[in-house]
Amino acid sequence: MDNLEAMSRPDLLQMAPSLYRLRIPGGQAHLLNCYLWVEPDDVTLVDTGWPDSAGLIADALTTLGRRTGDVKRIVLTHFHEDHAGSAAKIATWSDVEVVAGAEDSPYVQGVECGPVPQLTDFERTIRADFDEPPHGPPCRVDRTVRDGDVLGFAGGARVISVPGHTPGSIALYLPAADALLTGDAVAEFHGQVILGVFNTDRSAAIRSLEKLAATRAQIAGFGHGEPVLADASARIAASADPDAR
């Protein structure tokens, strides 16, 4: 029984005093993550996993001694269903502000159809094609943000515009933890930090990666893969391009 309970517990990793990574299970995506910033008065979620991930996130909050009503903010790094999938459900838990990049906001809300990834030869070995954009269920957006905007958590979380994976992808720099949350602009794969895959504009994605490396953040959490807990910006600056082979 103890082993079964351990297997069912949320896979949480504390990356900094208030910052937690939550692993979202499912074979459809490599080591999918969302993030929780936990403060005395509220909780901020950065991404929400698949459309069926709300229960897991609720369990993670319980593990951390919090309730669903403590969630006051959801920040979506982009509109894809593995990141925005449970946003609409979680937005009903309390007086939640939903934040998204300005260019992705119409796609998050379901009022426009987002672009499909333009696959490279390497990416086609992972997934042959996208028949349609990988939208999450439509969710309202209460605040649209652009590069340099500051959000009221983590010592003034700074929005970094990182187009390329999607037109309105955003990352966050969290000053209180010297941490960077990159969404899918960057990933970790088998110990290596890499340029994120399945981009709608690969040239823009490469420029965005360089922008993230310039933050000098010590810690980084990626949409997919294991976090980097030291010298993160240097690891990002030296990241590999999966197609350079």
# chains A, B, ... in the order shown; residues from 1 in each chain; ligands from 1
call {"tool": "closest_atom_pairs", "arguments": {"of": "range 61-108 of chain A", "to": "range 16-39 of chain A", "cutoff": "9 Å", "atoms": "only C-alpha atoms", "output": "CSV"}}
result
residue,atom,partner,partner_atom,distance
A:Leu61,CA,A:Leu36,CA,8.8
A:Leu64,CA,A:Val38,CA,8.6
A:Arg66,CA,A:Val38,CA,8.8
A:Asp82,CA,A:Leu32,CA,7.7
A:His83,CA,A:Cys34,CA,7.5
call {"tool": "write_last_selection", "arguments": {"atoms": "N, CA, C and O atoms", "output": "PDB file, in the first residue's frame"}}
result
ATOM      1  N   LEU A  61      -0.930  20.826  -5.000  1.00  0.00           N
ATOM      2  CA  LEU A  61      -1.211  21.895  -4.047  1.00  0.00           C
ATOM      3  C   LEU A  61      -1.445  21.333  -2.647  1.00  0.00           C
ATOM      4  O   LEU A  61      -0.932  21.865  -1.654  1.00  0.00           O
ATOM      5  N   LEU A  64       1.677  20.453  -0.950  1.00  0.00           N
ATOM      6  CA  LEU A  64       2.394  21.644  -0.490  1.00  0.00           C
ATOM      7  C   LEU A  64       1.640  22.405   0.596  1.00  0.00           C
ATOM      8  O   LEU A  64       2.047  23.503   0.987  1.00  0.00           O
ATOM      9  N   ARG A  66      -1.466  23.587   0.387  1.00  0.00           N
ATOM     10  CA  ARG A  66      -2.289  24.642  -0.199  1.00  0.00           C
ATOM     11  C   ARG A  66      -3.596  24.069  -0.729  1.00  0.00           C
ATOM     12  O   ARG A  66      -3.777  22.854  -0.817  1.00  0.00           O
ATOM     13  N   ASP A  82      -0.466  20.792 -24.387  1.00  0.00           N
ATOM     14  CA  ASP A  82       0.275  20.218 -23.271  1.00  0.00           C
ATOM     15  C   ASP A  82       0.711  21.278 -22.260  1.00  0.00           C
ATOM     16  O   ASP A  82       1.198  20.940 -21.179  1.00  0.00           O
ATOM     17  N   HIS A  83       0.497  22.534 -22.573  1.00  0.00           N
ATOM     18  CA  HIS A  83       0.848  23.630 -21.671  1.00  0.00           C
ATOM     19  C   HIS A  83      -0.382  24.425 -21.210  1.00  0.00           C
ATOM     20  O   HIS A  83      -0.427  24.877 -20.068  1.00  0.00           O
TER      21      HIS A  83
END
call {"tool": "residues_around", "arguments": {"residues": "Asp70 in chain A", "least_positions_apart": "4", "cutoff": "9 Å", "atoms": "only C-alpha atoms", "output": "NGL selection string"}}
result
:A and (41-44 or 61 or 66 or 93-94)
call {"tool": "residues_around", "arguments": {"residues": "range 139-156 of chain A", "least_positions_apart": "3", "cutoff": "6 Å", "atoms": "only C-alpha atoms", "output": "PyMOL selection string"}}
result
chain A and resi 88+97-102+108-109+159-161+174-176
call {"tool": "write_last_selection", "arguments": {"atoms": "C-alpha atoms", "output": "short mmCIF file (atom, residue, chain, number, x, y, z; two decimals), in the first residue's frame"}}
result
data_model
loop_
_atom_site.label_atom_id
_atom_site.label_comp_id
_atom_site.auth_asym_id
_atom_site.auth_seq_id
_atom_site.Cartn_x
_atom_site.Cartn_y
_atom_site.Cartn_z
CA ALA A 88 -9.84 26.75 -18.47
CA GLU A 97 -5.99 35.92 -13.47
CA VAL A 98 -5.01 34.19 -16.73
CA VAL A 99 -1.95 35.69 -18.41
CA ALA A 100 -0.69 34.97 -21.94
CA GLY A 101 1.55 36.52 -24.56
CA ALA A 102 -0.26 39.05 -26.69
CA VAL A 108 -5.50 30.47 -26.20
CA GLN A 109 -9.03 31.89 -26.31
CA VAL A 159 8.17 38.66 -19.20
CA ILE A 160 10.57 37.77 -22.00
CA SER A 161 9.09 37.53 -25.47
CA LEU A 174 12.00 35.30 -11.60
CA PRO A 175 14.35 37.67 -9.73
CA ALA A 176 13.58 36.26 -6.29
#
call {"tool": "closest_residue", "arguments": {"among": "A:Asp184, A:Gly114, A:His135, A:Arg216", "to": "Pro167 in chain A", "atoms": "only C-alpha atoms"}}
result
A:Gly114
call {"tool": "residues_around", "arguments": {"residues": "His190 in chain A", "least_positions_apart": "2", "cutoff": "12 Å", "atoms": "only C-alpha atoms", "output": "JSON, numbers by chain"}}
result
{"A": [30, 31, 187, 188, 192, 193, 194, 224, 225, 226, 227, 240]}
call {"tool": "write_last_selection", "arguments": {"atoms": "N, CA, C and O atoms", "output": "CSV table (one decimal), in the first residue's frame"}}
result
chain,number,residue,atom,x,y,z
A,30,HIS,N,7.8,14.4,-24.1
A,30,HIS,CA,9.0,14.1,-23.3
A,30,HIS,C,9.0,14.9,-22.0
A,30,HIS,O,9.0,16.2,-22.0
A,31,LEU,N,9.0,14.3,-20.9
A,31,LEU,CA,9.2,14.9,-19.6
A,31,LEU,C,8.5,16.3,-19.4
A,31,LEU,O,9.2,17.3,-19.2
A,187,ALA,N,14.8,23.2,-24.2
A,187,ALA,CA,14.4,21.9,-23.6
A,187,ALA,C,15.7,21.2,-23.1
A,187,ALA,O,16.8,21.6,-23.4
A,188,GLU,N,15.5,20.2,-22.3
A,188,GLU,CA,16.5,19.3,-21.8
A,188,GLU,C,16.2,17.9,-22.3
A,188,GLU,O,15.1,17.4,-22.2
A,192,GLN,N,21.3,16.9,-22.0
A,192,GLN,CA,21.8,18.0,-22.9
A,192,GLN,C,20.7,19.1,-23.0
A,192,GLN,O,19.5,18.8,-23.2
A,193,VAL,N,21.1,20.3,-22.9
A,193,VAL,CA,20.2,21.5,-23.1
A,193,VAL,C,20.2,21.7,-24.6
A,193,VAL,O,21.2,21.9,-25.2
A,194,ILE,N,19.0,21.8,-25.2
A,194,ILE,CA,18.8,21.9,-26.6
A,194,ILE,C,17.8,23.0,-27.0
A,194,ILE,O,17.0,23.4,-26.2
A,224,HIS,N,10.0,20.9,-21.2
A,224,HIS,CA,10.2,19.5,-21.3
A,224,HIS,C,11.7,19.2,-20.8
A,224,HIS,O,12.6,19.9,-21.3
A,225,GLY,N,11.8,18.2,-20.0
A,225,GLY,CA,13.1,17.8,-19.5
A,225,GLY,C,13.4,18.2,-18.1
A,225,GLY,O,12.6,18.8,-17.4
A,226,GLU,N,14.6,17.9,-17.7
A,226,GLU,CA,15.0,18.2,-16.3
A,226,GLU,C,15.5,19.6,-16.2
A,226,GLU,O,16.1,20.2,-17.1
A,227,PRO,N,15.3,20.2,-15.0
A,227,PRO,CA,15.8,21.6,-14.8
A,227,PRO,C,17.3,21.6,-14.7
A,227,PRO,O,17.9,20.6,-14.4
A,240,ALA,N,22.6,22.8,-27.7
A,240,ALA,CA,22.8,22.1,-29.0
A,240,ALA,C,21.5,22.3,-29.9
A,240,ALA,O,20.4,22.6,-29.4
call {"tool": "atom_distance", "arguments": {"atom1": "CA of Arg207 in chain A", "atom2": "CA of Gly183 in chain A"}}
result
15.0 Å
call {"tool": "select_by_dssp", "arguments": {"residues": "range 193-226 of chain A", "states": "alpha helix (DSSP H)", "output": "list in words"}}
result
Arg202, Ser203, Ala204, Ala205, Ile206, Arg207, Ser208, Leu209, Glu210, Lys211, Leu212 and Ala213 of chain A
call {"tool": "residues_around", "arguments": {"residues": "Ala58 in chain A", "least_positions_apart": "3", "cutoff": "8 Å", "atoms": "only C-alpha atoms", "output": "JSON list (two decimals) with all heavy atoms, in the first residue's frame"}}
result
[["chain", "number", "residue", "atom", "x", "y", "z"],
["A", 54, "ALA", "N", -5.69, 18.90, -14.31],
["A", 54, "ALA", "CA", -6.13, 19.75, -13.19],
["A", 54, "ALA", "C", -6.13, 18.99, -11.87],
["A", 54, "ALA", "O", -5.73, 19.53, -10.83],
["A", 54, "ALA", "CB", -7.51, 20.34, -13.47],
["A", 55, "GLY", "N", -6.57, 17.72, -11.89],
["A", 55, "GLY", "CA", -6.59, 16.94, -10.66],
["A", 55, "GLY", "C", -5.20, 16.73, -10.09],
["A", 55, "GLY", "O", -5.01, 16.80, -8.87],
["A", 61, "LEU", "N", -0.93, 20.83, -5.00],
["A", 61, "LEU", "CA", -1.21, 21.90, -4.05],
["A", 61, "LEU", "C", -1.45, 21.33, -2.65],
["A", 61, "LEU", "O", -0.93, 21.87, -1.65],
["A", 61, "LEU", "CB", -2.42, 22.70, -4.51],
["A", 61, "LEU", "CG", -2.21, 23.56, -5.76],
["A", 61, "LEU", "CD1", -3.55, 24.03, -6.31],
["A", 61, "LEU", "CD2", -1.31, 24.75, -5.46],
["A", 62, "THR", "N", -2.20, 20.26, -2.56],
["A", 62, "THR", "CA", -2.43, 19.61, -1.26],
["A", 62, "THR", "C", -1.12, 19.16, -0.64],
["A", 62, "THR", "O", -0.90, 19.34, 0.57],
["A", 62, "THR", "CB", -3.39, 18.42, -1.43],
["A", 62, "THR", "OG1", -4.64, 18.89, -1.94],
["A", 62, "THR", "CG2", -3.63, 17.73, -0.10],
["A", 67, "ARG", "N", -4.49, 24.99, -1.12],
["A", 67, "ARG", "CA", -5.79, 24.60, -1.65],
["A", 67, "ARG", "C", -5.94, 25.14, -3.07],
["A", 67, "ARG", "O", -5.22, 26.05, -3.48],
["A", 67, "ARG", "CB", -6.92, 25.17, -0.77],
["A", 67, "ARG", "CG", -6.89, 24.70, 0.67],
["A", 67, "ARG", "CD", -7.92, 25.44, 1.53],
["A", 67, "ARG", "NE", -7.63, 26.87, 1.60],
["A", 67, "ARG", "CZ", -8.38, 27.82, 1.08],
["A", 67, "ARG", "NH1", -9.49, 27.52, 0.41],
["A", 67, "ARG", "NH2", -8.04, 29.08, 1.22],
["A", 68, "THR", "N", -6.91, 24.60, -3.80],
["A", 68, "THR", "CA", -7.13, 25.09, -5.16],
["A", 68, "THR", "C", -7.49, 26.58, -5.15],
["A", 68, "THR", "O", -7.13, 27.32, -6.07],
["A", 68, "THR", "CB", -8.24, 24.29, -5.85],
["A", 68, "THR", "OG1", -9.43, 24.34, -5.06],
["A", 68, "THR", "CG2", -7.82, 22.85, -6.05]]
call {"tool": "residues_around", "arguments": {"residues": "Thr63 in chain A", "least_positions_apart": "6", "cutoff": "10 Å", "atoms": "only C-alpha atoms", "output": "list in words"}}
result
Arg9, Pro10, Leu12 and Ile57 of chain A
call {"tool": "closest_residue", "arguments": {"among": "A:Asp59, A:Pro138, A:Arg124, A:Asp47", "to": "Ala171 in chain A", "atoms": "only C-alpha atoms"}}
result
A:Asp47
call {"tool": "select_by_dssp", "arguments": {"residues": "range 33-67 of chain A", "states": "strand (DSSP E or B)", "output": "MDAnalysis selection string"}}
result
chainID A and resid 33:38 43:46
call {"tool": "write_last_selection", "arguments": {"atoms": "all heavy atoms", "output": "PDB file, in the first residue's frame"}}
result
ATOM      1  N   ASN A  33       6.505  19.398 -18.001  1.00  0.00           N
ATOM      2  CA  ASN A  33       6.500  20.062 -16.698  1.00  0.00           C
ATOM      3  C   ASN A  33       5.551  21.248 -16.669  1.00  0.00           C
ATOM      4  O   ASN A  33       5.313  21.908 -17.686  1.00  0.00           O
ATOM      5  CB  ASN A  33       7.900  20.617 -16.372  1.00  0.00           C
ATOM      6  CG  ASN A  33       8.975  19.571 -16.460  1.00  0.00           C
ATOM      7  OD1 ASN A  33       8.895  18.535 -15.820  1.00  0.00           O
ATOM      8  ND2 ASN A  33       9.993  19.836 -17.263  1.00  0.00           N
ATOM      9  N   CYS A  34       5.041  21.540 -15.456  1.00  0.00           N
ATOM     10  CA  CYS A  34       4.530  22.872 -15.162  1.00  0.00           C
ATOM     11  C   CYS A  34       5.188  23.313 -13.861  1.00  0.00           C
ATOM     12  O   CYS A  34       5.885  22.534 -13.199  1.00  0.00           O
ATOM     13  CB  CYS A  34       3.011  22.925 -15.107  1.00  0.00           C
ATOM     14  SG  CYS A  34       2.258  22.159 -13.666  1.00  0.00           S
ATOM     15  N   TYR A  35       4.995  24.568 -13.480  1.00  0.00           N
ATOM     16  CA  TYR A  35       5.723  25.148 -12.353  1.00  0.00           C
ATOM     17  C   TYR A  35       4.767  25.871 -11.417  1.00  0.00           C
ATOM     18  O   TYR A  35       3.776  26.465 -11.852  1.00  0.00           O
ATOM     19  CB  TYR A  35       6.815  26.100 -12.872  1.00  0.00           C
ATOM     20  CG  TYR A  35       7.853  25.347 -13.675  1.00  0.00           C
ATOM     21  CD1 TYR A  35       7.681  25.151 -15.043  1.00  0.00           C
ATOM     22  CD2 TYR A  35       8.958  24.775 -13.057  1.00  0.00           C
ATOM     23  CE1 TYR A  35       8.605  24.417 -15.774  1.00  0.00           C
ATOM     24  CE2 TYR A  35       9.883  24.043 -13.778  1.00  0.00           C
ATOM     25  CZ  TYR A  35       9.705  23.868 -15.128  1.00  0.00           C
ATOM     26  OH  TYR A  35      10.606  23.117 -15.853  1.00  0.00           O
ATOM     27  N   LEU A  36       5.089  25.813 -10.130  1.00  0.00           N
ATOM     28  CA  LEU A  36       4.305  26.491  -9.099  1.00  0.00           C
ATOM     29  C   LEU A  36       5.220  27.439  -8.334  1.00  0.00           C
ATOM     30  O   LEU A  36       6.282  27.022  -7.844  1.00  0.00           O
ATOM     31  CB  LEU A  36       3.687  25.488  -8.121  1.00  0.00           C
ATOM     32  CG  LEU A  36       2.708  24.456  -8.668  1.00  0.00           C
ATOM     33  CD1 LEU A  36       3.449  23.210  -9.182  1.00  0.00           C
ATOM     34  CD2 LEU A  36       1.706  24.044  -7.605  1.00  0.00           C
ATOM     35  N   TRP A  37       4.808  28.683  -8.229  1.00  0.00           N
ATOM     36  CA  TRP A  37       5.468  29.649  -7.352  1.00  0.00           C
ATOM     37  C   TRP A  37       4.542  29.851  -6.156  1.00  0.00           C
ATOM     38  O   TRP A  37       3.417  30.323  -6.303  1.00  0.00           O
ATOM     39  CB  TRP A  37       5.729  30.973  -8.060  1.00  0.00           C
ATOM     40  CG  TRP A  37       6.453  31.935  -7.167  1.00  0.00           C
ATOM     41  CD1 TRP A  37       5.900  32.874  -6.347  1.00  0.00           C
ATOM     42  CD2 TRP A  37       7.865  32.024  -6.976  1.00  0.00           C
ATOM     43  NE1 TRP A  37       6.875  33.548  -5.655  1.00  0.00           N
ATOM     44  CE2 TRP A  37       8.095  33.044  -6.018  1.00  0.00           C
ATOM     45  CE3 TRP A  37       8.956  31.340  -7.514  1.00  0.00           C
ATOM     46  CZ2 TRP A  37       9.374  33.413  -5.599  1.00  0.00           C
ATOM     47  CZ3 TRP A  37      10.233  31.707  -7.099  1.00  0.00           C
ATOM     48  CH2 TRP A  37      10.430  32.725  -6.157  1.00  0.00           C
ATOM     49  N   VAL A  38       5.010  29.465  -4.977  1.00  0.00           N
ATOM     50  CA  VAL A  38       4.177  29.402  -3.778  1.00  0.00           C
ATOM     51  C   VAL A  38       4.604  30.499  -2.817  1.00  0.00           C
ATOM     52  O   VAL A  38       5.733  30.497  -2.306  1.00  0.00           O
ATOM     53  CB  VAL A  38       4.300  28.019  -3.114  1.00  0.00           C
ATOM     54  CG1 VAL A  38       3.425  27.947  -1.873  1.00  0.00           C
ATOM     55  CG2 VAL A  38       3.925  26.917  -4.102  1.00  0.00           C
ATOM     56  N   VAL A  43      -0.705  31.445  -4.941  1.00  0.00           N
ATOM     57  CA  VAL A  43       0.082  30.536  -5.768  1.00  0.00           C
ATOM     58  C   VAL A  43      -0.055  30.974  -7.217  1.00  0.00           C
ATOM     59  O   VAL A  43      -1.157  31.309  -7.678  1.00  0.00           O
ATOM     60  CB  VAL A  43      -0.399  29.078  -5.626  1.00  0.00           C
ATOM     61  CG1 VAL A  43       0.332  28.163  -6.599  1.00  0.00           C
ATOM     62  CG2 VAL A  43      -0.229  28.593  -4.191  1.00  0.00           C
ATOM     63  N   THR A  44       1.064  30.980  -7.936  1.00  0.00           N
ATOM     64  CA  THR A  44       1.064  31.213  -9.376  1.00  0.00           C
ATOM     65  C   THR A  44       1.452  29.925 -10.079  1.00  0.00           C
ATOM     66  O   THR A  44       2.430  29.272  -9.700  1.00  0.00           O
ATOM     67  CB  THR A  44       2.059  32.328  -9.759  1.00  0.00           C
ATOM     68  OG1 THR A  44       1.634  33.566  -9.192  1.00  0.00           O
ATOM     69  CG2 THR A  44       2.148  32.486 -11.273  1.00  0.00           C
ATOM     70  N   LEU A  45       0.691  29.550 -11.089  1.00  0.00           N
ATOM     71  CA  LEU A  45       1.022  28.416 -11.947  1.00  0.00           C
ATOM     72  C   LEU A  45       1.611  28.927 -13.251  1.00  0.00           C
ATOM     73  O   LEU A  45       1.073  29.863 -13.850  1.00  0.00           O
ATOM     74  CB  LEU A  45      -0.217  27.589 -12.267  1.00  0.00           C
ATOM     75  CG  LEU A  45      -0.970  26.943 -11.112  1.00  0.00           C
ATOM     76  CD1 LEU A  45      -2.208  26.218 -11.650  1.00  0.00           C
ATOM     77  CD2 LEU A  45      -0.076  25.974 -10.357  1.00  0.00           C
ATOM     78  N   VAL A  46       2.679  28.308 -13.685  1.00  0.00           N
ATOM     79  CA  VAL A  46       3.230  28.590 -15.010  1.00  0.00           C
ATOM     80  C   VAL A  46       3.029  27.331 -15.840  1.00  0.00           C
ATOM     81  O   VAL A  46       3.689  26.315 -15.629  1.00  0.00           O
ATOM     82  CB  VAL A  46       4.709  28.987 -14.935  1.00  0.00           C
ATOM     83  CG1 VAL A  46       5.248  29.271 -16.347  1.00  0.00           C
ATOM     84  CG2 VAL A  46       4.895  30.211 -14.037  1.00  0.00           C
TER      85      VAL A  46
END
call {"tool": "atom_distance", "arguments": {"atom1": "CA of Phe130 in chain A", "atom2": "CA of Phe79 in chain A"}}
result
15.1 Å
call {"tool": "decode", "arguments": {"residues": "range 103-139 of chain A", "atoms": "N, CA and C atoms", "output": "mmCIF file, in the first residue's frame"}}
result
data_model
loop_
_atom_site.group_PDB
_atom_site.id
_atom_site.type_symbol
_atom_site.label_atom_id
_atom_site.label_comp_id
_atom_site.auth_asym_id
_atom_site.auth_seq_id
_atom_site.Cartn_x
_atom_site.Cartn_y
_atom_site.Cartn_z
ATOM 1 N N GLU A 103 0.524 37.858 -28.688
ATOM 2 C CA GLU A 103 0.327 37.233 -29.994
ATOM 3 C C GLU A 103 -0.328 35.859 -29.895
ATOM 4 N N ASP A 104 -0.166 35.181 -28.768
ATOM 5 C CA ASP A 104 -0.800 33.870 -28.600
ATOM 6 C C ASP A 104 -2.191 33.954 -27.986
ATOM 7 N N SER A 105 -2.557 35.098 -27.468
ATOM 8 C CA SER A 105 -3.825 35.223 -26.757
ATOM 9 C C SER A 105 -5.035 34.796 -27.592
ATOM 10 N N PRO A 106 -5.140 35.172 -28.873
ATOM 11 C CA PRO A 106 -6.308 34.716 -29.649
ATOM 12 C C PRO A 106 -6.366 33.197 -29.789
ATOM 13 N N TYR A 107 -5.201 32.544 -29.824
ATOM 14 C CA TYR A 107 -5.166 31.089 -29.950
ATOM 15 C C TYR A 107 -5.570 30.432 -28.627
ATOM 16 N N VAL A 108 -5.108 30.992 -27.510
ATOM 17 C CA VAL A 108 -5.498 30.469 -26.195
ATOM 18 C C VAL A 108 -7.012 30.561 -26.030
ATOM 19 N N GLN A 109 -7.591 31.679 -26.465
ATOM 20 C CA GLN A 109 -9.025 31.891 -26.306
ATOM 21 C C GLN A 109 -9.860 31.114 -27.320
ATOM 22 N N GLY A 110 -9.215 30.572 -28.331
ATOM 23 C CA GLY A 110 -9.938 29.808 -29.336
ATOM 24 C C GLY A 110 -10.650 30.650 -30.368
ATOM 25 N N VAL A 111 -10.315 31.925 -30.464
ATOM 26 C CA VAL A 111 -10.977 32.794 -31.443
ATOM 27 C C VAL A 111 -10.231 32.807 -32.779
ATOM 28 N N GLU A 112 -8.991 32.339 -32.784
ATOM 29 C CA GLU A 112 -8.225 32.199 -34.013
ATOM 30 C C GLU A 112 -7.499 30.868 -33.991
ATOM 31 N N CYS A 113 -7.175 30.378 -35.172
ATOM 32 C CA CYS A 113 -6.447 29.121 -35.305
ATOM 33 C C CYS A 113 -4.958 29.417 -35.403
ATOM 34 N N GLY A 114 -4.180 28.858 -34.508
ATOM 35 C CA GLY A 114 -2.744 29.110 -34.506
ATOM 36 C C GLY A 114 -2.029 28.373 -35.627
ATOM 37 N N PRO A 115 -0.782 28.756 -35.883
ATOM 38 C CA PRO A 115 -0.010 28.099 -36.936
ATOM 39 C C PRO A 115 0.472 26.715 -36.500
ATOM 40 N N VAL A 116 0.729 25.865 -37.473
ATOM 41 C CA VAL A 116 1.282 24.536 -37.189
ATOM 42 C C VAL A 116 2.800 24.613 -37.220
ATOM 43 N N PRO A 117 3.480 23.769 -36.474
ATOM 44 C CA PRO A 117 4.946 23.730 -36.530
ATOM 45 C C PRO A 117 5.443 23.372 -37.933
ATOM 46 N N GLN A 118 6.558 23.980 -38.286
ATOM 47 C CA GLN A 118 7.221 23.671 -39.557
ATOM 48 C C GLN A 118 8.349 22.685 -39.254
ATOM 49 N N LEU A 119 8.136 21.428 -39.573
ATOM 50 C CA LEU A 119 9.028 20.375 -39.114
ATOM 51 C C LEU A 119 10.319 20.314 -39.922
ATOM 52 N N THR A 120 11.419 20.106 -39.201
ATOM 53 C CA THR A 120 12.701 19.826 -39.823
ATOM 54 C C THR A 120 12.800 18.327 -40.100
ATOM 55 N N ASP A 121 13.854 17.925 -40.792
ATOM 56 C CA ASP A 121 14.034 16.501 -41.083
ATOM 57 C C ASP A 121 14.153 15.702 -39.792
ATOM 58 N N PHE A 122 14.902 16.227 -38.816
ATOM 59 C CA PHE A 122 15.051 15.528 -37.545
ATOM 60 C C PHE A 122 13.708 15.407 -36.832
ATOM 61 N N GLU A 123 12.930 16.487 -36.823
ATOM 62 C CA GLU A 123 11.644 16.471 -36.119
ATOM 63 C C GLU A 123 10.672 15.486 -36.743
ATOM 64 N N ARG A 124 10.786 15.254 -38.038
ATOM 65 C CA ARG A 124 9.905 14.272 -38.688
ATOM 66 C C ARG A 124 10.211 12.849 -38.228
ATOM 67 N N THR A 125 11.410 12.612 -37.704
ATOM 68 C CA THR A 125 11.707 11.292 -37.155
ATOM 69 C C THR A 125 11.019 11.092 -35.809
ATOM 70 N N ILE A 126 10.623 12.192 -35.150
ATOM 71 C CA ILE A 126 9.912 12.121 -33.879
ATOM 72 C C ILE A 126 8.410 12.087 -34.120
ATOM 73 N N ARG A 127 7.968 12.954 -35.021
ATOM 74 C CA ARG A 127 6.544 13.029 -35.367
ATOM 75 C C ARG A 127 6.442 13.382 -36.838
ATOM 76 N N ALA A 128 5.723 12.581 -37.591
ATOM 77 C CA ALA A 128 5.729 12.710 -39.045
ATOM 78 C C ALA A 128 5.100 14.000 -39.524
ATOM 79 N N ASP A 129 4.037 14.459 -38.849
ATOM 80 C CA ASP A 129 3.349 15.643 -39.344
ATOM 81 C C ASP A 129 2.377 16.141 -38.283
ATOM 82 N N PHE A 130 1.944 17.391 -38.453
ATOM 83 C CA PHE A 130 0.856 17.969 -37.663
ATOM 84 C C PHE A 130 -0.284 18.251 -38.623
ATOM 85 N N ASP A 131 -1.421 17.597 -38.413
ATOM 86 C CA ASP A 131 -2.576 17.843 -39.273
ATOM 87 C C ASP A 131 -3.246 19.169 -38.955
ATOM 88 N N GLU A 132 -3.123 19.611 -37.690
ATOM 89 C CA GLU A 132 -3.736 20.861 -37.266
ATOM 90 C C GLU A 132 -2.952 21.410 -36.080
ATOM 91 N N PRO A 133 -3.134 22.669 -35.742
ATOM 92 C CA PRO A 133 -2.412 23.231 -34.601
ATOM 93 C C PRO A 133 -2.787 22.505 -33.307
ATOM 94 N N PRO A 134 -1.819 22.266 -32.421
ATOM 95 C CA PRO A 134 -2.111 21.549 -31.175
ATOM 96 C C PRO A 134 -2.693 22.459 -30.103
ATOM 97 N N HIS A 135 -3.908 22.937 -30.335
ATOM 98 C CA HIS A 135 -4.580 23.845 -29.403
ATOM 99 C C HIS A 135 -4.986 23.143 -28.113
ATOM 100 N N GLY A 136 -4.926 23.881 -27.011
ATOM 101 C CA GLY A 136 -5.603 23.452 -25.803
ATOM 102 C C GLY A 136 -7.064 23.866 -25.859
ATOM 103 N N PRO A 137 -7.902 23.366 -24.942
ATOM 104 C CA PRO A 137 -9.282 23.830 -24.857
ATOM 105 C C PRO A 137 -9.320 25.346 -24.681
ATOM 106 N N PRO A 138 -10.244 26.036 -25.317
ATOM 107 C CA PRO A 138 -10.285 27.499 -25.208
ATOM 108 C C PRO A 138 -10.358 27.960 -23.754
ATOM 109 N N CYS A 139 -9.617 29.003 -23.464
ATOM 110 C CA CYS A 139 -9.580 29.578 -22.116
ATOM 111 C C CYS A 139 -9.555 31.093 -22.238
#
